[in-house]
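Containing mmCIF, C-alpha atoms: data_13.cif.
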```cif
data_model
loop_
_atom_site.label_atom_id
_atom_site.label_comp_id
_atom_site.auth_asym_id
_atom_site.auth_seq_id
_atom_site.Cartn_x
_atom_site.Cartn_y
_atom_site.Cartn_z
CA MET M 1 -52.64 -37.08 76.21
CA ARG M 2 -52.17 -36.96 72.49
CA HIS M 3 -48.82 -36.23 70.92
CA SER M 4 -49.04 -34.85 67.42
CA LEU M 5 -46.22 -35.11 64.96
CA SER M 6 -44.67 -31.74 64.28
CA LYS M 7 -45.05 -30.21 60.86
CA ALA M 8 -41.35 -30.59 60.24
CA SER M 9 -40.92 -34.03 58.75
CA ILE M 10 -39.08 -36.62 60.75
CA LYS M 11 -35.75 -36.94 58.98
CA MET M 12 -34.66 -40.47 58.37
CA ALA M 13 -30.96 -40.62 59.05
CA LEU M 14 -28.97 -41.81 56.04
CA PRO M 15 -26.92 -44.99 56.52
CA PRO M 16 -23.24 -44.58 57.36
CA ILE M 17 -20.57 -44.44 54.68
CA HIS M 18 -18.24 -47.42 54.90
CA HIS M 19 -14.63 -46.46 54.31
CA HIS M 20 -11.46 -48.40 53.67
CA GLN M 21 -7.85 -47.35 53.32
CA PHE M 22 -5.65 -49.51 51.12
CA ARG M 23 -2.14 -49.77 52.59
CA ARG M 24 -0.23 -50.61 49.42
CA ALA M 25 -0.06 -48.31 46.36
CA LEU M 26 -2.49 -49.80 43.85
CA PRO M 27 -2.26 -50.08 40.07
CA TYR M 28 -4.83 -47.75 38.51
CA TYR M 29 -6.53 -50.14 36.14
CA SER M 30 -7.35 -52.85 38.65
CA THR M 31 -8.68 -50.23 41.05
CA LEU M 32 -10.89 -48.94 38.25
CA LEU M 33 -12.20 -52.48 37.77
CA LEU M 34 -12.92 -52.64 41.51
CA GLN M 35 -14.86 -49.36 41.30
CA GLU M 36 -16.86 -50.69 38.36
CA TYR M 37 -17.59 -53.92 40.22
CA LEU M 38 -18.80 -52.05 43.32
CA HIS M 39 -20.85 -49.69 41.14
CA ARG M 40 -22.57 -52.60 39.36
CA LEU M 41 -23.23 -54.22 42.73
CA GLN M 42 -24.84 -51.06 44.09
CA LEU M 43 -26.96 -50.63 40.96
CA ALA M 44 -28.12 -54.25 40.89
CA ARG M 45 -28.99 -54.38 44.57
CA ARG M 46 -30.80 -51.06 44.41
CA LYS M 47 -32.86 -52.31 41.46
CA ALA M 48 -33.69 -55.47 43.41
CA GLY M 49 -34.80 -53.44 46.43
CA LYS M 50 -31.96 -54.80 48.57
CA GLN M 51 -29.64 -52.91 50.89
CA TYR M 52 -26.43 -51.59 49.40
CA PRO M 53 -23.72 -49.49 51.07
CA ASP M 54 -22.25 -46.09 50.30
CA LEU M 55 -18.47 -46.41 50.23
CA LEU M 56 -15.31 -44.32 50.43
CA LEU M 57 -12.07 -45.88 49.19
CA LEU M 58 -8.82 -44.16 50.18
CA LEU M 59 -5.56 -45.10 48.56
CA GLN M 60 -2.43 -44.19 46.64
CA HIS M 61 -1.85 -45.24 43.07
CA ARG M 62 1.28 -46.45 41.36
CA PRO M 63 2.43 -43.79 38.86
CA VAL M 64 -0.29 -43.24 36.27
CA TYR M 65 -1.55 -40.48 34.03
CA THR M 66 -5.29 -40.54 33.42
CA ALA M 67 -7.40 -38.72 30.87
CA GLY M 68 -11.07 -37.83 31.05
CA ARG M 69 -14.07 -38.45 28.91
CA ARG M 70 -13.80 -35.35 26.73
CA GLN M 71 -10.46 -36.32 25.34
CA THR M 72 -10.31 -38.62 22.34
CA ASP M 73 -7.92 -41.52 21.86
CA THR M 74 -6.52 -39.82 18.75
CA GLU M 75 -5.62 -36.60 20.49
CA LEU M 76 -4.12 -38.56 23.40
CA GLN M 77 -1.99 -40.84 21.23
CA ASP M 78 1.21 -38.78 21.39
CA GLU M 79 0.83 -37.90 25.06
CA ARG M 80 0.28 -41.56 25.86
CA LYS M 81 3.51 -42.60 24.14
CA ARG M 82 5.51 -39.85 25.80
CA LEU M 83 4.17 -40.47 29.29
CA GLU M 84 4.37 -44.24 29.13
CA ALA M 85 8.03 -43.80 28.20
CA ARG M 86 8.49 -42.12 31.59
CA GLY M 87 7.49 -45.36 33.25
CA ALA M 88 3.92 -44.46 34.12
CA ASP M 89 0.71 -46.19 33.14
CA PHE M 90 -1.76 -44.28 31.01
CA VAL M 91 -5.50 -44.85 31.30
CA HIS M 92 -8.29 -43.15 29.41
CA THR M 93 -11.32 -42.96 31.71
CA GLN M 94 -14.99 -41.95 31.64
CA ARG M 95 -14.74 -39.36 34.38
CA GLY M 96 -15.13 -35.61 33.97
CA GLY M 97 -12.04 -33.43 33.83
CA GLU M 98 -8.87 -33.75 31.74
CA LEU M 99 -5.34 -35.07 32.10
CA THR M 100 -3.93 -35.62 35.55
CA TYR M 101 -1.32 -37.64 37.44
CA HIS M 102 -1.74 -40.04 40.35
CA GLY M 103 1.10 -41.67 42.27
CA PRO M 104 2.73 -42.25 45.65
CA GLY M 105 2.59 -39.24 47.94
CA GLN M 106 -0.90 -38.30 46.78
CA ILE M 107 -4.10 -39.31 48.59
CA VAL M 108 -6.77 -40.53 46.21
CA GLY M 109 -10.36 -40.82 47.41
CA TYR M 110 -13.18 -42.61 45.62
CA PRO M 111 -16.57 -41.92 47.21
CA LEU M 112 -19.02 -44.45 45.75
CA LEU M 113 -22.26 -42.87 46.86
CA ASP M 114 -25.91 -42.95 45.83
CA LEU M 115 -26.84 -39.28 45.54
CA GLY M 116 -30.48 -40.35 45.40
CA ARG M 117 -30.59 -41.66 48.96
CA SER M 118 -31.64 -38.32 50.33
CA VAL M 119 -34.86 -36.55 49.46
CA PRO M 120 -34.33 -34.41 47.48
CA PRO M 121 -31.32 -36.09 45.89
CA VAL M 122 -27.94 -34.39 46.21
CA ALA M 123 -27.45 -32.24 43.09
CA VAL M 124 -24.31 -32.96 41.08
CA ARG M 125 -22.88 -29.53 41.62
CA ASP M 126 -23.54 -29.73 45.36
CA TYR M 127 -21.79 -33.11 45.51
CA ILE M 128 -18.70 -31.55 43.92
CA CYS M 129 -18.96 -28.46 46.13
CA LEU M 130 -19.01 -30.63 49.27
CA MET M 131 -15.97 -32.54 48.02
CA GLN M 132 -14.06 -29.28 47.63
CA LYS M 133 -15.24 -28.12 51.05
CA THR M 134 -13.94 -31.33 52.62
CA LEU M 135 -10.48 -30.91 51.12
CA LYS M 136 -10.28 -27.21 51.99
CA LEU M 137 -11.46 -27.91 55.55
CA HIS M 138 -8.83 -30.60 55.93
CA LEU M 139 -6.06 -28.29 54.74
CA ARG M 140 -7.23 -25.59 57.10
CA GLU M 141 -7.74 -27.72 60.22
CA ALA M 142 -4.94 -30.25 59.85
CA HIS M 143 -2.27 -27.92 58.47
CA ASN M 144 -3.41 -24.31 58.84
CA ILE M 145 -3.24 -23.95 55.06
CA ASP M 146 -5.62 -21.46 53.46
CA SER M 147 -6.73 -22.26 49.95
CA SER M 148 -7.65 -19.56 47.45
CA SER M 149 -11.18 -19.08 46.21
CA THR M 150 -11.65 -19.78 42.53
CA ASP M 151 -14.37 -20.58 40.02
CA LEU M 152 -12.35 -23.58 38.88
CA THR M 153 -13.10 -27.03 40.24
CA GLY M 154 -10.37 -28.35 42.53
CA VAL M 155 -8.33 -26.80 45.35
CA PHE M 156 -5.73 -24.09 44.71
CA LEU M 157 -3.29 -22.37 47.04
CA ALA M 158 -2.72 -19.63 44.47
CA PRO M 159 -4.09 -19.05 40.96
CA ASP M 160 -1.12 -20.99 39.54
CA ALA M 161 -0.74 -23.59 42.29
CA LYS M 162 -3.12 -26.53 42.38
CA ILE M 163 -3.03 -28.88 45.35
CA ALA M 164 -6.05 -31.12 44.74
CA SER M 165 -8.06 -32.27 41.73
CA ILE M 166 -11.56 -33.56 41.29
CA GLY M 167 -12.99 -35.72 38.52
CA VAL M 168 -16.17 -37.71 38.84
CA GLN M 169 -18.58 -39.91 36.88
CA ILE M 170 -22.26 -40.18 37.75
CA ARG M 171 -24.54 -42.91 36.47
CA HIS M 172 -28.10 -43.24 37.75
CA ARG M 173 -27.08 -41.01 40.66
CA LEU M 174 -24.26 -43.43 41.64
CA THR M 175 -20.83 -41.81 41.82
CA THR M 176 -17.42 -43.20 40.86
CA HIS M 177 -13.93 -41.65 40.71
CA GLY M 178 -13.40 -38.70 43.07
CA PHE M 179 -10.53 -36.59 44.32
CA ALA M 180 -6.74 -36.54 44.61
CA MET M 181 -4.68 -34.37 46.96
CA ASN M 182 -0.89 -33.99 46.88
CA ILE M 183 0.62 -34.59 50.29
CA THR M 184 4.36 -35.30 49.91
CA ASN M 185 6.61 -33.83 47.20
CA GLN M 186 6.89 -37.13 45.34
CA PRO M 187 4.23 -36.27 42.72
CA LEU M 188 5.87 -32.96 41.73
CA ALA M 189 8.40 -34.33 39.26
CA TRP M 190 5.67 -36.30 37.49
CA PHE M 191 3.50 -33.19 37.14
CA GLU M 192 6.33 -31.30 35.45
CA ASP M 193 6.03 -31.41 31.68
CA VAL M 194 2.29 -32.09 31.54
CA VAL M 195 -0.45 -29.53 31.33
CA ALA M 196 -2.58 -31.07 34.06
CA CYS M 197 -6.34 -30.51 33.93
CA GLY M 198 -5.91 -28.49 30.73
CA LEU M 199 -4.70 -25.51 32.77
CA GLU M 200 -1.72 -23.82 31.13
CA GLY M 201 0.66 -22.13 33.52
CA VAL M 202 -0.72 -23.88 36.58
CA LYS M 203 1.75 -25.97 38.56
CA ALA M 204 1.08 -28.67 41.11
CA THR M 205 1.80 -27.98 44.76
CA THR M 206 1.71 -30.19 47.83
CA VAL M 207 1.08 -30.01 51.58
CA SER M 208 4.79 -30.63 52.20
CA ALA M 209 5.76 -27.82 49.83
CA ALA M 210 3.27 -25.44 51.46
CA LEU M 211 4.54 -26.27 54.95
CA GLY M 212 8.20 -26.58 54.07
CA THR M 213 8.40 -29.91 55.93
CA ASP M 214 7.78 -33.55 55.11
CA VAL M 215 4.33 -34.84 55.91
CA SER M 216 3.34 -38.48 56.30
CA LEU M 217 0.45 -39.50 54.08
CA ARG M 218 -0.78 -42.18 56.46
CA ASP M 219 -1.34 -39.57 59.20
CA GLU M 220 -3.67 -37.63 56.91
CA VAL M 221 -6.31 -40.26 56.43
CA PRO M 222 -8.18 -40.44 59.76
CA GLY M 223 -8.73 -36.67 59.84
CA LEU M 224 -9.73 -36.58 56.19
CA VAL M 225 -12.30 -39.35 56.73
CA ARG M 226 -13.73 -37.58 59.76
CA ARG M 227 -14.07 -34.29 57.88
CA PHE M 228 -15.63 -36.05 54.88
CA GLY M 229 -18.34 -37.35 57.21
CA GLN M 230 -18.74 -33.96 58.82
CA VAL M 231 -19.16 -32.06 55.53
CA TYR M 232 -21.45 -34.66 53.94
CA GLY M 233 -23.44 -35.09 57.15
CA ARG M 234 -22.84 -38.82 57.41
CA ASP M 235 -21.42 -41.25 59.95
CA MET M 236 -18.23 -42.89 58.78
CA VAL M 237 -17.74 -46.58 59.58
CA PRO M 238 -14.48 -48.43 58.93
CA SER M 239 -14.38 -51.46 56.68
CA ILE M 240 -16.23 -51.84 53.44
CA TRP M 241 -16.13 -55.60 53.36
CA THR M 242 -18.59 -56.03 56.21
CA ALA M 243 -21.02 -53.82 54.29
CA ILE M 244 -21.15 -56.11 51.30
CA PRO M 245 -22.95 -59.40 51.94
CA ARG M 246 -20.85 -62.35 50.92
CA SER M 247 -23.75 -63.76 48.90
CA ALA M 248 -23.82 -60.58 46.81
CA MET M 249 -20.09 -60.69 46.15
CA LEU M 250 -20.18 -64.33 45.02
CA SER M 251 -23.27 -63.99 42.86
CA SER M 252 -21.83 -60.99 41.02
CA MET M 253 -18.63 -62.73 40.00
CA MET R 254 -50.63 -27.35 31.06
CA GLN R 255 -51.69 -29.96 28.60
CA SER R 256 -49.27 -32.78 28.23
CA VAL R 257 -50.85 -33.71 24.93
CA LEU R 258 -51.01 -31.07 22.21
CA ARG R 259 -53.16 -31.55 19.18
CA ARG R 260 -52.52 -29.95 15.87
CA THR R 261 -55.22 -30.26 13.25
CA VAL R 262 -54.35 -29.88 9.63
CA PHE R 263 -57.27 -29.70 7.26
CA ALA R 264 -57.01 -32.15 4.39
CA ARG R 265 -58.71 -29.71 2.08
CA ALA R 266 -59.83 -26.13 2.32
CA GLY R 267 -63.42 -25.91 3.38
CA SER R 268 -65.72 -25.14 6.23
CA LEU R 269 -65.07 -26.41 9.68
CA THR R 270 -67.11 -29.51 10.44
CA ARG R 271 -67.87 -30.56 13.97
CA PRO R 272 -66.01 -33.73 15.07
CA SER R 273 -68.41 -36.61 15.59
CA ARG R 274 -66.33 -38.18 18.36
CA PRO R 275 -65.25 -36.69 21.75
CA LEU R 276 -62.11 -34.56 21.50
CA GLY R 277 -60.34 -36.77 24.04
CA SER R 278 -59.60 -39.54 21.57
CA PRO R 279 -57.12 -39.19 18.72
CA TYR R 280 -58.37 -40.30 15.35
CA ARG R 281 -57.86 -39.68 11.70
CA SER R 282 -60.78 -39.09 9.36
CA GLN R 283 -61.37 -36.16 7.06
CA PHE R 284 -58.94 -34.22 9.26
CA VAL R 285 -55.29 -35.19 9.16
CA ARG R 286 -54.38 -35.08 12.81
CA THR R 287 -50.93 -35.28 14.23
CA LEU R 288 -50.29 -36.02 17.85
CA ILE R 289 -47.44 -34.52 19.82
CA THR R 290 -46.77 -36.14 23.17
CA LYS R 291 -44.25 -35.23 25.83
CA ARG R 292 -43.04 -37.66 28.45
CA TYR R 293 -40.35 -37.82 31.11
CA THR R 294 -38.02 -40.35 32.71
CA SER R 295 -37.06 -40.61 36.38
CA ASP R 296 -33.49 -39.87 35.23
CA HIS R 297 -34.67 -36.41 34.13
CA GLU R 298 -34.69 -36.88 30.39
CA SER R 299 -37.67 -35.73 28.36
CA VAL R 300 -38.87 -36.80 24.93
CA VAL R 301 -41.29 -35.01 22.61
CA PHE R 302 -42.79 -37.47 20.14
CA ASP R 303 -44.48 -36.45 16.90
CA ASP R 304 -46.45 -39.36 15.51
CA GLU R 305 -46.42 -37.90 12.01
CA THR R 306 -42.65 -37.93 11.68
CA GLY R 307 -42.15 -40.79 14.13
CA LEU R 308 -39.32 -38.79 15.70
CA GLY R 309 -38.76 -38.20 19.40
CA VAL R 310 -36.70 -35.15 20.39
CA VAL R 311 -34.66 -35.98 23.50
CA SER R 312 -33.57 -33.38 26.05
CA ILE R 313 -32.67 -33.20 29.70
CA THR R 314 -35.11 -31.36 31.91
CA ASN R 315 -34.72 -27.99 33.55
CA TYR R 316 -34.40 -29.74 36.91
CA ALA R 317 -31.46 -31.75 35.55
CA GLN R 318 -29.60 -28.76 34.13
CA SER R 319 -29.96 -26.77 37.34
CA SER R 320 -28.65 -29.70 39.37
CA LEU R 321 -25.63 -30.12 37.07
CA GLY R 322 -24.24 -26.60 37.09
CA ASP R 323 -22.56 -24.97 34.07
CA VAL R 324 -22.31 -27.48 31.25
CA VAL R 325 -18.93 -27.40 29.54
CA PHE R 326 -19.10 -30.47 27.34
CA VAL R 327 -21.76 -32.71 25.82
CA GLU R 328 -21.19 -36.20 24.52
CA LEU R 329 -23.86 -37.27 22.02
CA PRO R 330 -24.64 -40.57 20.28
CA THR R 331 -23.56 -41.25 16.71
CA VAL R 332 -26.15 -40.59 14.01
CA GLY R 333 -27.40 -43.93 12.75
CA SER R 334 -26.78 -45.81 15.97
CA GLN R 335 -29.47 -48.05 17.43
CA VAL R 336 -30.40 -47.38 21.03
CA ASP R 337 -32.47 -49.32 23.54
CA GLN R 338 -34.72 -47.69 26.08
CA GLY R 339 -32.62 -47.09 29.19
CA SER R 340 -29.25 -47.57 27.52
CA GLN R 341 -26.56 -44.92 27.85
CA ILE R 342 -26.53 -42.55 24.89
CA GLY R 343 -24.14 -39.86 25.99
CA ALA R 344 -23.05 -37.64 28.85
CA VAL R 345 -23.07 -34.07 30.02
CA GLU R 346 -20.02 -32.65 31.79
CA SER R 347 -20.13 -29.86 34.35
CA VAL R 348 -17.81 -28.96 37.26
CA LYS R 349 -15.58 -31.95 36.42
CA ALA R 350 -18.54 -34.35 36.78
CA ALA R 351 -19.55 -36.44 33.77
CA SER R 352 -23.21 -37.41 34.17
CA ASP R 353 -24.46 -40.16 31.89
CA ILE R 354 -27.66 -39.66 29.88
CA TYR R 355 -29.99 -42.51 28.95
CA ALA R 356 -32.30 -43.12 26.00
CA PRO R 357 -35.92 -42.59 27.06
CA VAL R 358 -37.06 -44.67 24.06
CA SER R 359 -35.65 -47.30 21.70
CA GLY R 360 -34.90 -46.56 18.07
CA THR R 361 -32.38 -45.10 15.67
CA VAL R 362 -30.60 -41.80 16.22
CA LYS R 363 -31.48 -39.62 13.22
CA GLU R 364 -29.99 -36.30 14.22
CA VAL R 365 -27.88 -34.78 16.98
CA ASN R 366 -27.73 -31.15 18.05
CA GLU R 367 -24.46 -29.98 16.50
CA SER R 368 -24.66 -26.54 18.18
CA LEU R 369 -23.89 -28.20 21.51
CA SER R 370 -20.29 -28.83 20.50
CA ASP R 371 -19.37 -25.14 20.60
CA GLN R 372 -22.30 -23.93 22.71
CA PRO R 373 -22.70 -26.49 25.50
CA ALA R 374 -24.25 -23.77 27.70
CA LEU R 375 -27.41 -24.01 25.57
CA ILE R 376 -28.31 -26.91 27.81
CA ASN R 377 -28.40 -24.59 30.81
CA LYS R 378 -30.10 -21.69 29.02
CA SER R 379 -32.70 -23.65 27.08
CA PRO R 380 -32.63 -27.30 28.18
CA GLU R 381 -35.85 -28.44 26.54
CA ASP R 382 -35.76 -26.24 23.46
CA LYS R 383 -32.50 -24.97 21.89
CA GLY R 384 -30.49 -27.35 24.07
CA TRP R 385 -32.15 -30.50 22.64
CA LEU R 386 -29.77 -33.46 22.50
CA CYS R 387 -30.82 -35.79 19.72
CA LYS R 388 -33.74 -37.01 17.64
CA ILE R 389 -34.61 -40.69 17.73
CA GLN R 390 -36.77 -42.55 15.20
CA LEU R 391 -38.86 -44.59 17.61
CA SER R 392 -38.94 -48.31 16.92
CA ASP R 393 -41.87 -48.76 19.31
CA PRO R 394 -44.02 -45.66 19.95
CA LYS R 395 -45.89 -47.61 22.65
CA GLU R 396 -42.81 -47.09 24.85
CA MET R 397 -44.01 -43.51 25.33
CA GLU R 398 -46.80 -44.89 27.51
CA THR R 399 -44.26 -46.42 29.91
CA LEU R 400 -42.81 -42.99 30.68
CA LEU R 401 -43.96 -40.36 33.18
CA THR R 402 -46.50 -37.72 32.23
CA GLU R 403 -45.57 -34.15 33.02
CA LYS R 404 -47.87 -34.23 36.04
CA ALA R 405 -46.27 -37.40 37.40
CA TYR R 406 -42.76 -36.10 36.73
CA LEU R 407 -43.38 -32.78 38.47
CA ALA R 408 -44.99 -34.64 41.38
CA SER R 409 -41.87 -36.80 41.70
CA LEU R 410 -39.76 -33.65 42.08
CA GLU R 411 -41.97 -32.44 44.93
CA ALA R 412 -41.70 -35.70 46.85
#
```
Using structure tokens, write down the structure that the file contains.
Amino acid sequence: MRHSLSKASIKMALPPIHHHQFRRALPYYSTLLLQEYLHRLQLARRKAGKQYPDLLLLLQHRPVYTAGRRQTDTELQDERKRLEARGADFVHTQRGGELTYHGPGQIVGYPLLDLGRSVPPVAVRDYICLMQKTLKLHLREAHNIDSSSTDLTGVFLAPDAKIASIGVQIRHRLTTHGFAMNITNQPLAWFEDVVACGLEGVKATTVSAALGTDVSLRDEVPGLVRRFGQVYGRDMVPSIWTAIPRSAMLSSM
Amino acid sequence: MQSVLRRTVFARAGSLTRPSRPLGSPYRSQFVRTLITKRYTSDHESVVFDDETGLGVVSITNYAQSSLGDVVFVELPTVGSQVDQGSQIGAVESVKAASDIYAPVSGTVKEVNESLSDQPALINKSPEDKGWLCKIQLSDPKEMETLLTEKAYLASLEA
């Protein structure tokens, strides 16, 4: 008896996304260097026809204000001086989006994915849309928090209350940077006195503020990872270090 | 659609004479012929090269602009800068995502599209015409042959 392949193409499952949560709050600049290193590794191995992983880094940063690509060093000069005087780092990056704050109490996620793995490739705007969906789903399922619908990128609880930001860079379909969601109230004071994301009149809010109780950041991560996999349609596997062959790490240094 | 357009400019006014060689091959004789070629990269940039001026007009393709979403900011190379084929020459920002753009050919940047600074949406509305990014003086026109023809590019989108 002959079996014929159905017209619908046999979908090749995409490899899992390897994720890792850093326990200690990390300085921004060295984490950026790590992202760049992993990005270069992915690009080089892809070019050489070798296997390379998709990754999701989850962490907190030490207090830092970061600016995006659009902003020039000249226009940022005064802001930089002012914000560094508050004890924060200041880093001008190549991601999309404008000024924002990262620090303890805020979950930062860096998906380092190859959007070209799937056929057709994931469109940039769909990648961002899925990121927003993940954050909104997490707020809804983990905390019963409804976010407002908006044309703006990011997650808002009200037109003037932003709870999560997104800012991404894409090179040859490889992503770096990602999202940041305020969990505890620690970030609030740092958001005062800056116009984050270029949005006048918009204040930062947090999960703790929305619930009226303290929330532990560590408890957020497993659920967030699971929902990331669910929304992006990928299996999530812990540990990034097993996904990177030692030979690749050593040869890239 | 033809990927190669031919424009024939008569060197002097006179009657039309029949070409003695097959139309498929470009040549210059009593007619001054210019050749305009369009090619694509797998990163969704396109370049229209005019061999008379030696300039290649670089754009992103319609596929690229639709995948990006509404463009809010365009970063372009500096006029006068030297670029290598495949090197990063700028970026397009949409929905908080900055997507790098790469030079389809090597050469010198002669002109950039100034209208994009206050009308970045031109890239969405007219990606390969009014939304052109920059004009490069090609240092090696043979590089055009390494790029995808329209047919090959469109086929790659279907895959």
task: May I have the residues within 8 Å of Pro159 in chain M as a count of residues only, using all atoms listed in the file and disregarding those fewer than 4 positions away in the same chain?
output: 3
- request: On this file, the PyMOL selection byres ((chain R) within 12 of (chain M)) gives some set of residues; write that set as an MDAnalysis selection string.
  value: chainID R and resid 294:298 316:329 339:355 370 409:412
Where's the centre, and what are the edge lengths in Å to one decimal, of a box along x, y and z enclosing all listed atoms of range 390-405 of chain R padded 6 Å per side, as AutoDock Vina command-line options?
```
--center_x -42.3 --center_y -41.5 --center_z 26.3 --size_x 23.1 --size_y 26.6 --size_z 34.2
```
Which residues, named as in the file, does the PyMOL selection byres ((chain R and resi 300) around 9) pick out? Answer as a short mmCIF file (atom, residue, chain, number, x, y, z; two decimals) with C-alpha atoms, keeping the file's coordinate frame.
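The result, stored in selection00.cif:
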```cif
data_model
loop_
_atom_site.label_atom_id
_atom_site.label_comp_id
_atom_site.auth_asym_id
_atom_site.auth_seq_id
_atom_site.Cartn_x
_atom_site.Cartn_y
_atom_site.Cartn_z
CA THR R 290 -46.77 -36.14 23.17
CA LYS R 291 -44.25 -35.23 25.83
CA ARG R 292 -43.04 -37.66 28.45
CA TYR R 293 -40.35 -37.82 31.11
CA THR R 294 -38.02 -40.35 32.71
CA GLU R 298 -34.69 -36.88 30.39
CA SER R 299 -37.67 -35.73 28.36
CA VAL R 301 -41.29 -35.01 22.61
CA PHE R 302 -42.79 -37.47 20.14
CA GLY R 309 -38.76 -38.20 19.40
CA VAL R 310 -36.70 -35.15 20.39
CA VAL R 311 -34.66 -35.98 23.50
CA SER R 312 -33.57 -33.38 26.05
CA ILE R 313 -32.67 -33.20 29.70
CA PRO R 357 -35.92 -42.59 27.06
CA VAL R 358 -37.06 -44.67 24.06
CA LYS R 388 -33.74 -37.01 17.64
CA MET R 397 -44.01 -43.51 25.33
#
```
Ground truth for the PyMOL selection byres ((chain M and resi 16) around 6), written as a JSON list (two decimals) with C-alpha atoms, in the coordinates of the input:
```
[["chain", "number", "residue", "atom", "x", "y", "z"],
["M", 15, "PRO", "CA", -26.92, -44.99, 56.52],
["M", 17, "ILE", "CA", -20.57, -44.44, 54.68],
["M", 234, "ARG", "CA", -22.84, -38.82, 57.41],
["M", 235, "ASP", "CA", -21.42, -41.25, 59.95],
["M", 236, "MET", "CA", -18.23, -42.89, 58.78]]
```
Working from the structure I just supplied, which lacks atoms in range 181-192 of chain M, can you model N, CA, C and O atoms there and output them as an mmCIF file, keeping the file's coordinate frame?
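out34.cif written:
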```cif
data_model
loop_
_atom_site.group_PDB
_atom_site.id
_atom_site.type_symbol
_atom_site.label_atom_id
_atom_site.label_comp_id
_atom_site.auth_asym_id
_atom_site.auth_seq_id
_atom_site.Cartn_x
_atom_site.Cartn_y
_atom_site.Cartn_z
ATOM 1 N N MET M 181 -5.363 -35.490 46.312
ATOM 2 C CA MET M 181 -4.680 -34.370 46.960
ATOM 3 C C MET M 181 -3.201 -34.695 47.172
ATOM 4 O O MET M 181 -2.866 -35.764 47.707
ATOM 5 N N ASN M 182 -2.337 -33.782 46.767
ATOM 6 C CA ASN M 182 -0.890 -33.990 46.880
ATOM 7 C C ASN M 182 -0.426 -33.725 48.301
ATOM 8 O O ASN M 182 -0.611 -32.629 48.823
ATOM 9 N N ILE M 183 0.175 -34.727 48.909
ATOM 10 C CA ILE M 183 0.620 -34.590 50.290
ATOM 11 C C ILE M 183 2.149 -34.409 50.338
ATOM 12 O O ILE M 183 2.641 -33.359 50.709
ATOM 13 N N THR M 184 2.906 -35.430 49.916
ATOM 14 C CA THR M 184 4.360 -35.300 49.910
ATOM 15 C C THR M 184 4.799 -34.682 48.575
ATOM 16 O O THR M 184 3.968 -34.462 47.698
ATOM 17 N N ASN M 185 6.093 -34.429 48.439
ATOM 18 C CA ASN M 185 6.610 -33.830 47.200
ATOM 19 C C ASN M 185 6.876 -34.826 46.080
ATOM 20 O O ASN M 185 7.247 -34.436 44.980
ATOM 21 N N GLN M 186 6.650 -36.113 46.369
ATOM 22 C CA GLN M 186 6.890 -37.130 45.340
ATOM 23 C C GLN M 186 6.186 -36.871 44.008
ATOM 24 O O GLN M 186 6.752 -37.081 42.955
ATOM 25 N N PRO M 187 4.924 -36.445 44.009
ATOM 26 C CA PRO M 187 4.230 -36.270 42.720
ATOM 27 C C PRO M 187 4.783 -35.130 41.851
ATOM 28 O O PRO M 187 4.563 -35.115 40.648
ATOM 29 N N LEU M 188 5.501 -34.172 42.458
ATOM 30 C CA LEU M 188 5.870 -32.960 41.730
ATOM 31 C C LEU M 188 6.615 -33.210 40.425
ATOM 32 O O LEU M 188 6.284 -32.636 39.392
ATOM 33 N N ALA M 189 7.605 -34.083 40.467
ATOM 34 C CA ALA M 189 8.400 -34.330 39.260
ATOM 35 C C ALA M 189 7.525 -34.883 38.141
ATOM 36 O O ALA M 189 7.719 -34.576 36.967
ATOM 37 N N TRP M 190 6.542 -35.699 38.490
ATOM 38 C CA TRP M 190 5.670 -36.300 37.490
ATOM 39 C C TRP M 190 4.703 -35.284 36.875
ATOM 40 O O TRP M 190 4.218 -35.462 35.765
ATOM 41 N N PHE M 191 4.389 -34.223 37.649
ATOM 42 C CA PHE M 191 3.500 -33.190 37.140
ATOM 43 C C PHE M 191 4.215 -32.216 36.198
ATOM 44 O O PHE M 191 3.578 -31.562 35.377
ATOM 45 N N GLU M 192 5.568 -32.155 36.352
ATOM 46 C CA GLU M 192 6.330 -31.300 35.450
ATOM 47 C C GLU M 192 6.106 -31.804 34.035
ATOM 48 O O GLU M 192 5.987 -32.995 33.826
#
```
